[in-house]
$ cat data_26.csv   # CSV, C-alpha atoms
chain,number,residue,atom,x,y,z
R,1,MET,CA,-63.2,88.2,150.5
R,2,PHE,CA,-64.9,90.8,148.5
R,3,ARG,CA,-61.5,92.4,147.6
R,4,LEU,CA,-60.1,89.0,146.7
R,5,GLY,CA,-63.1,88.4,144.4
R,6,VAL,CA,-62.6,91.7,142.7
R,7,LEU,CA,-58.8,91.0,142.3
R,8,ALA,CA,-59.5,87.6,140.8
R,9,ALA,CA,-62.0,89.0,138.4
R,10,ALA,CA,-59.6,91.6,137.3
R,11,LEU,CA,-56.8,89.1,136.8
R,12,LEU,CA,-59.2,86.8,134.8
R,13,SER,CA,-60.3,89.8,132.7
R,14,ALA,CA,-56.6,90.8,132.0
R,15,SER,CA,-55.6,87.2,131.0
R,16,VAL,CA,-58.6,86.9,128.6
R,17,SER,CA,-57.7,90.3,127.1
R,18,ALA,CA,-54.1,89.2,126.6
R,19,ALA,CA,-55.1,86.0,125.0
R,20,TYR,CA,-57.5,87.8,122.6
R,21,ALA,CA,-54.8,90.3,121.7
R,22,ALA,CA,-52.3,87.5,121.0
R,23,ASP,CA,-54.8,86.0,118.6
R,24,LEU,CA,-54.7,89.2,116.7
R,25,ILE,CA,-51.0,89.1,116.1
R,26,VAL,CA,-50.5,87.6,112.6
R,27,ASP,CA,-47.1,87.2,111.0
R,28,ALA,CA,-46.6,88.9,107.6
R,29,PRO,CA,-46.9,86.3,104.8
R,30,VAL,CA,-43.7,85.5,102.9
R,31,THR,CA,-44.1,85.4,99.2
R,32,PRO,CA,-42.3,82.3,97.9
R,33,GLY,CA,-39.7,82.7,95.2
R,34,VAL,CA,-39.2,86.5,95.6
R,35,VAL,CA,-35.9,87.7,97.2
R,36,ASP,CA,-35.5,91.5,97.6
R,37,VAL,CA,-31.8,92.2,96.8
R,38,SER,CA,-32.2,95.9,96.2
R,39,GLY,CA,-28.8,97.6,96.2
R,40,THR,CA,-26.8,94.3,96.0
R,41,TRP,CA,-26.7,93.8,92.2
R,42,GLU,CA,-23.1,95.2,92.3
R,43,GLY,CA,-20.1,93.0,91.8
R,44,PRO,CA,-18.7,90.2,89.6
R,45,TYR,CA,-20.6,87.1,88.5
R,46,VAL,CA,-20.3,84.0,86.4
R,47,GLY,CA,-23.1,82.1,84.7
R,48,VAL,CA,-24.3,79.4,82.4
R,49,PHE,CA,-27.1,79.7,79.8
R,50,GLY,CA,-29.0,77.8,77.1
R,51,GLY,CA,-31.4,78.8,74.4
R,52,TYR,CA,-32.5,78.7,70.8
R,53,ALA,CA,-31.3,80.7,67.8
R,54,ALA,CA,-32.7,81.3,64.3
R,55,SER,CA,-30.4,82.9,61.7
R,56,HIS,CA,-30.6,84.1,58.1
R,57,TRP,CA,-27.5,83.2,56.0
R,58,THR,CA,-26.9,84.6,52.5
R,59,ASP,CA,-24.3,83.3,49.9
R,60,THR,CA,-23.5,86.0,47.3
R,61,TRP,CA,-21.3,85.6,44.2
R,62,SER,CA,-21.0,87.2,40.8
R,63,GLY,CA,-24.3,86.8,39.1
R,64,GLY,CA,-26.3,85.1,41.9
R,65,SER,CA,-27.1,84.4,45.5
R,66,MET,CA,-28.5,81.6,47.8
R,67,GLU,CA,-30.5,81.9,51.0
R,68,PHE,CA,-30.4,79.7,54.1
R,69,ASP,CA,-32.2,79.7,57.5
R,70,PRO,CA,-30.1,77.8,60.0
R,71,THR,CA,-31.7,77.1,63.4
R,72,GLY,CA,-30.5,75.3,66.5
R,73,TRP,CA,-29.7,75.3,70.2
R,74,LEU,CA,-27.2,77.3,72.2
R,75,LEU,CA,-25.2,76.3,75.3
R,76,GLY,CA,-22.7,78.6,76.8
R,77,VAL,CA,-21.0,80.4,79.7
R,78,ALA,CA,-20.7,84.0,80.7
R,79,ALA,CA,-18.8,86.2,83.1
R,80,GLY,CA,-19.3,89.9,84.0
R,81,VAL,CA,-19.3,92.6,86.6
R,82,ASP,CA,-21.9,95.2,87.5
R,83,LEU,CA,-21.5,98.7,89.2
R,84,ASP,CA,-24.2,100.5,91.2
R,85,LEU,CA,-24.4,104.0,89.8
R,86,GLY,CA,-26.9,105.2,92.3
R,87,ASN,CA,-30.5,106.3,91.8
R,88,GLY,CA,-31.4,102.7,90.9
R,89,MET,CA,-29.1,102.6,87.9
R,90,VAL,CA,-26.7,99.6,87.4
R,91,ALA,CA,-24.1,99.5,84.6
R,92,GLY,CA,-21.8,96.6,83.7
R,93,VAL,CA,-19.8,94.6,81.2
R,94,VAL,CA,-20.2,91.0,80.3
R,95,ALA,CA,-18.6,88.5,77.9
R,96,ASP,CA,-20.0,85.2,76.8
R,97,ILE,CA,-19.3,82.3,74.4
R,98,ALA,CA,-21.7,79.5,73.3
R,99,TRP,CA,-21.6,76.3,71.3
R,100,SER,CA,-24.2,76.2,68.6
R,101,ASN,CA,-25.7,73.7,66.2
R,102,GLN,CA,-27.6,76.0,63.9
R,103,GLU,CA,-27.8,74.2,60.6
R,104,ASP,CA,-29.6,74.3,57.2
R,105,SER,CA,-29.1,72.7,53.8
R,106,VAL,CA,-30.4,72.8,50.2
R,107,ILE,CA,-30.0,70.8,47.1
R,108,ALA,CA,-28.1,73.0,44.7
R,109,GLN,CA,-27.2,72.5,41.1
R,110,ASN,CA,-24.2,70.3,41.8
R,111,GLY,CA,-25.5,68.5,44.9
R,112,PRO,CA,-26.2,69.3,48.6
R,113,HIS,CA,-25.0,72.6,50.1
R,114,SER,CA,-25.0,72.8,53.9
R,115,VAL,CA,-24.2,75.6,56.3
R,116,ASN,CA,-23.6,75.6,60.0
R,117,ILE,CA,-22.9,78.2,62.7
R,118,ASP,CA,-20.6,76.3,65.1
R,119,TRP,CA,-20.1,78.8,68.0
R,120,GLN,CA,-20.7,82.4,68.8
R,121,GLY,CA,-19.8,84.9,71.5
R,122,SER,CA,-19.9,88.6,72.5
R,123,VAL,CA,-18.5,91.3,74.7
R,124,ARG,CA,-21.2,93.7,75.7
R,125,GLY,CA,-22.1,96.6,78.0
R,126,ARG,CA,-25.2,96.5,80.2
R,127,LEU,CA,-27.4,99.2,81.6
R,128,GLY,CA,-30.1,98.2,84.0
R,129,PHE,CA,-32.5,99.4,86.7
R,130,ASP,CA,-32.5,98.1,90.2
R,131,ALA,CA,-36.1,97.1,90.9
R,132,GLY,CA,-35.3,95.1,94.1
R,133,SER,CA,-35.9,91.5,93.1
R,134,PHE,CA,-35.7,92.3,89.4
R,135,LEU,CA,-33.0,93.9,87.2
R,136,PRO,CA,-34.4,94.8,83.7
R,137,TYR,CA,-31.6,95.8,81.4
R,138,LEU,CA,-30.5,96.8,77.9
R,139,THR,CA,-27.3,95.4,76.4
R,140,ALA,CA,-25.2,96.0,73.3
R,141,GLY,CA,-21.7,95.3,72.0
R,142,VAL,CA,-19.4,93.4,69.6
R,143,ALA,CA,-20.2,89.9,68.4
R,144,ILE,CA,-18.2,87.0,66.9
R,145,ALA,CA,-19.4,83.8,65.3
R,146,HIS,CA,-17.8,80.9,63.4
R,147,GLY,CA,-19.4,79.5,60.2
R,148,THR,CA,-18.9,76.3,58.3
R,149,ALA,CA,-20.1,75.7,54.7
R,150,GLU,CA,-19.9,72.5,52.6
R,151,TYR,CA,-20.4,72.4,48.9
R,152,ASP,CA,-17.9,70.0,47.3
R,153,VAL,CA,-15.3,71.3,49.9
R,154,VAL,CA,-15.6,72.3,53.5
R,155,SER,CA,-14.9,76.0,54.0
R,156,THR,CA,-14.9,77.9,57.3
R,157,ASN,CA,-14.5,81.5,58.5
R,158,THR,CA,-14.9,83.7,61.5
R,159,HIS,CA,-17.3,86.7,61.4
R,160,PHE,CA,-17.3,89.9,63.5
R,161,GLY,CA,-20.3,92.2,64.0
R,162,TRP,CA,-22.5,93.8,66.5
R,163,THR,CA,-25.3,92.6,68.9
R,164,ALA,CA,-28.1,94.3,70.9
R,165,GLY,CA,-31.0,93.2,73.0
R,166,ALA,CA,-32.7,93.3,76.4
R,167,GLY,CA,-33.3,91.1,79.3
R,168,VAL,CA,-34.2,90.8,83.0
R,169,GLU,CA,-32.5,89.1,85.9
R,170,VAL,CA,-34.7,87.8,88.7
R,171,ALA,CA,-33.2,87.1,92.2
R,172,VAL,CA,-33.6,83.5,93.3
R,173,THR,CA,-31.4,83.9,96.4
R,174,GLU,CA,-29.0,86.7,97.5
R,175,ASP,CA,-26.3,85.2,95.3
R,176,VAL,CA,-28.1,83.4,92.5
R,177,SER,CA,-30.3,85.0,89.7
R,178,LEU,CA,-32.3,83.8,86.7
R,179,ASP,CA,-31.3,85.7,83.5
R,180,LEU,CA,-33.8,85.9,80.7
R,181,GLN,CA,-32.5,87.5,77.5
R,182,TYR,CA,-33.3,88.3,73.8
R,183,ARG,CA,-30.6,89.5,71.4
R,184,TYR,CA,-30.2,90.3,67.7
R,185,SER,CA,-26.8,90.0,66.1
R,186,LYS,CA,-25.6,91.1,62.7
R,187,TYR,CA,-22.3,89.7,61.3
R,188,GLY,CA,-20.0,91.1,58.6
R,189,VAL,CA,-19.2,89.6,55.2
R,190,GLU,CA,-16.5,86.9,54.9
R,191,THR,CA,-15.3,84.9,51.9
R,192,TYR,CA,-15.8,81.1,51.5
R,193,ASP,CA,-14.9,78.6,48.8
R,194,ILE,CA,-17.8,76.9,47.2
R,195,VAL,CA,-16.3,74.1,45.0
R,196,ALA,CA,-13.0,72.2,44.7
R,197,THR,CA,-11.8,74.7,42.1
R,198,SER,CA,-11.8,77.3,44.9
R,199,PHE,CA,-14.5,79.5,43.4
R,200,PRO,CA,-15.0,82.2,46.1
R,201,TYR,CA,-18.3,83.5,47.4
R,202,ASP,CA,-19.3,86.0,50.1
R,203,VAL,CA,-21.3,85.1,53.2
R,204,ASP,CA,-23.1,87.2,55.7
R,205,PHE,CA,-25.7,86.3,58.3
R,206,SER,CA,-27.8,87.6,61.2
R,207,THR,CA,-29.2,85.9,64.3
R,208,HIS,CA,-32.1,86.1,66.7
R,209,GLN,CA,-31.6,84.3,70.0
R,210,VAL,CA,-33.5,83.7,73.2
R,211,THR,CA,-31.7,82.4,76.2
R,212,VAL,CA,-32.3,81.4,79.9
R,213,GLY,CA,-29.4,81.4,82.3
R,214,LEU,CA,-28.3,81.2,85.9
R,215,ASN,CA,-25.8,83.7,87.3
R,216,TRP,CA,-23.8,83.3,90.6
R,217,ARG,CA,-22.6,86.5,92.2
R,218,PHE,CA,-19.6,86.7,94.6
$ encode --input "data_26.csv" --output "structure tokens"
Amino acid sequence: MFRLGVLAAALLSASVSAAYAADLIVDAPVTPGVVDVSGTWEGPYVGVFGGYAASHWTDTWSGGSMEFDPTGWLLGVAAGVDLDLGNGMVAGVVADIAWSNQEDSVIAQNGPHSVNIDWQGSVRGRLGFDAGSFLPYLTAGVAIAHGTAEYDVVSTNTHFGWTAGAGVEVAVTEDVSLDLQYRYSKYGVETYDIVATSFPYDVDFSTHQVTVGLNWRF
């Protein structure tokens, strides 16, 4: 009976110790909204984005000039591909195109004069750093935009230039990322007609834009 008592006491002590040890086991907390996709930024992707743009537009003709500040929204699509270079470096190329309603107008000598940037796009290189859930990057390349001006007649033209900026992608899932970006674009000079008599004038403009997008990788 003494031996049985000692054995029972030992078993009771062991069960209490096991229960106490189990209470000390705590699962590691999961941080919501953060997905570690380190090493998986490589590959093709497509995306959609929206944002806001503010431009500075200048009309120039013999003996004078006129300034505009068209502003408006952007809504576009993008497609690109990234390559893992190793040591945390990620390089890629991306193309995008966006509808825009950047507008401004003034009352000129012969009536209202309005300008509008209808759409814009770019083909750019990207160089980023794989920070696990984040991919901060720099980007630069060629830019294109279409302008419309109305002053007695409607005149349109397509401008080419360059663009540069920076952004960061944040992993939402293993396949979806949130893309935050700022870019500055400078477009070259093109000739427009200002009145019905086809009096020509030169136009150049630059744009600041901030966009938020979603990218899907596959």
$ closest_residue --input "data_26.csv" --among "R:Ile117, R:Val81, R:Ala108, R:Leu180" --to "Ser65 of chain R" --atoms "all atoms listed in the file"
R:Ala108
$ closest_residue --input "data_26.csv" --among "R:Ser133, R:Ser100, R:Thr173, R:Thr71" --to "His146 of chain R" --atoms "all atoms listed in the file"
R:Ser100
$ closest_residue --input "data_26.csv" --among "R:Ile144, R:Leu74, R:Leu85, R:Leu138" --to "Ala54 of chain R" --atoms "only C-alpha atoms"
R:Leu74
$ residues_around --input "data_26.csv" --residues "Pro200 of chain R" --least-positions-apart "4" --cutoff "8 Å" --atoms "all atoms listed in the file" --output "number ranges by chain"
R: 61, 191-194
$ residues_near_point --input "data_26.csv" --point "(-26.8, 97.6, 94.2)" --cutoff "9 Å" --atoms "all atoms listed in the file" --output "list of chain:residue names"
R:Val37, R:Ser38, R:Gly39, R:Thr40, R:Trp41, R:Glu42, R:Gly43, R:Asp82, R:Leu83, R:Asp84, R:Leu85, R:Gly86, R:Gly88, R:Met89, R:Val90, R:Asp130, R:Gly132
$ write_last_selection --input "data_26.csv" --atoms "C-alpha atoms" --output "PDB file, in the coordinates of the input"
ATOM      1  CA  VAL R  37     -31.800  92.200  96.800  1.00  0.00           C
ATOM      2  CA  SER R  38     -32.200  95.900  96.200  1.00  0.00           C
ATOM      3  CA  GLY R  39     -28.800  97.600  96.200  1.00  0.00           C
ATOM      4  CA  THR R  40     -26.800  94.300  96.000  1.00  0.00           C
ATOM      5  CA  TRP R  41     -26.700  93.800  92.200  1.00  0.00           C
ATOM      6  CA  GLU R  42     -23.100  95.200  92.300  1.00  0.00           C
ATOM      7  CA  GLY R  43     -20.100  93.000  91.800  1.00  0.00           C
ATOM      8  CA  ASP R  82     -21.900  95.200  87.500  1.00  0.00           C
ATOM      9  CA  LEU R  83     -21.500  98.700  89.200  1.00  0.00           C
ATOM     10  CA  ASP R  84     -24.200 100.500  91.200  1.00  0.00           C
ATOM     11  CA  LEU R  85     -24.400 104.000  89.800  1.00  0.00           C
ATOM     12  CA  GLY R  86     -26.900 105.200  92.300  1.00  0.00           C
ATOM     13  CA  GLY R  88     -31.400 102.700  90.900  1.00  0.00           C
ATOM     14  CA  MET R  89     -29.100 102.600  87.900  1.00  0.00           C
ATOM     15  CA  VAL R  90     -26.700  99.600  87.400  1.00  0.00           C
ATOM     16  CA  ASP R 130     -32.500  98.100  90.200  1.00  0.00           C
ATOM     17  CA  GLY R 132     -35.300  95.100  94.100  1.00  0.00           C
TER      18      GLY R 132
END
$ closest_residue --input "data_26.csv" --among "R:Ser62, R:Gln109, R:Ser177, R:Ser55" --to "Gly147 of chain R" --atoms "only C-alpha atoms"
R:Ser55
$ residues_near_point --input "data_26.csv" --point "(-20.8, 81.8, 88.6)" --cutoff "12 Å" --atoms "only C-alpha atoms" --output "list in words"
Gly43, Pro44, Tyr45, Val46, Gly47, Val48, Phe49, Val77, Ala78, Ala79, Gly80, Val81, Asp175, Val176, Ser177, Leu178, Gly213, Leu214, Asn215, Trp216, Arg217 and Phe218 of chain R
$ atom_distance --input "data_26.csv" --atom1 "atom CA of Thr139 of chain R" --atom2 "atom CA of Asp104 of chain R"
28.6 Å
$ closest_residue --input "data_26.csv" --among "R:Val212, R:Ala140, R:Val94, R:Val189" --to "Thr60 of chain R" --atoms "all atoms listed in the file"
R:Val189
$ residues_around --input "data_26.csv" --residues "segment 151-163 of chain R" --least-positions-apart "6" --cutoff "6 Å" --atoms "only C-alpha atoms" --output "VMD selection string"
chain R and resid 113 140 to 145 184 to 188 192 to 196
$ atom_distance --input "data_26.csv" --atom1 "atom CA of Ala98 of chain R" --atom2 "atom CA of Val115 of chain R"
17.6 Å
$ axis_aligned_box --input "data_26.csv" --around "segment 42-58 of chain R" --padding-each-side "3 Å" --output "AutoDock Vina command-line options"
--center_x -25.7 --center_y 86.5 --center_z 72.4 --size_x 20.0 --size_y 23.4 --size_z 45.8
$ atom_distance --input "data_26.csv" --atom1 "atom CA of Glu150 of chain R" --atom2 "atom CA of Ser114 of chain R"
5.3 Å
$ closest_residue --input "data_26.csv" --among "R:Ser122, R:Thr58, R:Thr211, R:Ser206" --to "Ala166 of chain R" --atoms "all atoms listed in the file"
R:Thr211
$ residues_around --input "data_26.csv" --residues "Trp57 of chain R" --least-positions-apart "5" --cutoff "7 Å" --atoms "only C-alpha atoms" --output "PyMOL selection string"
chain R and resi 67-69+204-206
$ build_atoms --input "data_26.csv" --residues "segment 99-120 of chain R" --atoms "N, CA and C atoms" --output "compact mmCIF listing (two decimals), keeping the file's coordinate frame"
# COMPACT_ATOMS: atom_id res chain seq x y z
N TRP R 99 -21.54 77.28 72.41
CA TRP R 99 -21.60 76.30 71.30
C TRP R 99 -22.96 76.38 70.68
N SER R 100 -22.99 76.14 69.36
CA SER R 100 -24.20 76.20 68.60
C SER R 100 -24.29 75.13 67.56
N ASN R 101 -25.51 74.67 67.27
CA ASN R 101 -25.70 73.70 66.20
C ASN R 101 -26.70 74.18 65.17
N GLN R 102 -26.63 75.47 64.85
CA GLN R 102 -27.60 76.00 63.90
C GLN R 102 -27.18 75.52 62.47
N GLU R 103 -28.11 74.83 61.84
CA GLU R 103 -27.80 74.20 60.60
C GLU R 103 -28.95 74.37 59.57
N ASP R 104 -28.59 74.33 58.28
CA ASP R 104 -29.60 74.30 57.20
C ASP R 104 -28.87 73.79 55.95
N SER R 105 -29.64 73.25 55.03
CA SER R 105 -29.10 72.70 53.80
C SER R 105 -30.09 72.81 52.67
N VAL R 106 -29.58 72.86 51.43
CA VAL R 106 -30.40 72.80 50.20
C VAL R 106 -29.78 71.94 49.21
N ILE R 107 -30.56 71.52 48.24
CA ILE R 107 -30.00 70.80 47.10
C ILE R 107 -29.74 71.75 45.99
N ALA R 108 -28.46 72.03 45.77
CA ALA R 108 -28.10 73.00 44.70
C ALA R 108 -27.83 72.26 43.41
N GLN R 109 -27.37 72.99 42.41
CA GLN R 109 -27.20 72.50 41.10
C GLN R 109 -26.24 71.28 41.03
N ASN R 110 -25.16 71.36 41.82
CA ASN R 110 -24.20 70.30 41.80
C ASN R 110 -24.22 69.41 43.05
N GLY R 111 -25.37 69.41 43.75
CA GLY R 111 -25.50 68.50 44.90
C GLY R 111 -25.88 69.32 46.16
N PRO R 112 -25.83 68.67 47.33
CA PRO R 112 -26.20 69.30 48.60
C PRO R 112 -25.25 70.41 49.00
N HIS R 113 -25.80 71.48 49.54
CA HIS R 113 -25.00 72.60 50.10
C HIS R 113 -25.51 72.84 51.49
N SER R 114 -24.65 72.63 52.50
CA SER R 114 -25.00 72.80 53.90
C SER R 114 -24.25 73.91 54.56
N VAL R 115 -24.88 74.56 55.55
CA VAL R 115 -24.20 75.60 56.30
C VAL R 115 -24.46 75.35 57.80
N ASN R 116 -23.53 75.82 58.61
CA ASN R 116 -23.60 75.60 60.00
C ASN R 116 -22.91 76.74 60.79
N ILE R 117 -23.57 77.26 61.83
CA ILE R 117 -22.90 78.20 62.70
C ILE R 117 -22.52 77.42 63.96
N ASP R 118 -21.19 77.25 64.12
CA ASP R 118 -20.60 76.30 65.10
C ASP R 118 -20.62 76.91 66.53
N TRP R 119 -20.20 78.15 66.66
CA TRP R 119 -20.10 78.80 68.00
C TRP R 119 -20.25 80.30 67.78
N GLN R 120 -20.59 80.98 68.84
CA GLN R 120 -20.70 82.40 68.80
C GLN R 120 -20.46 83.01 70.19
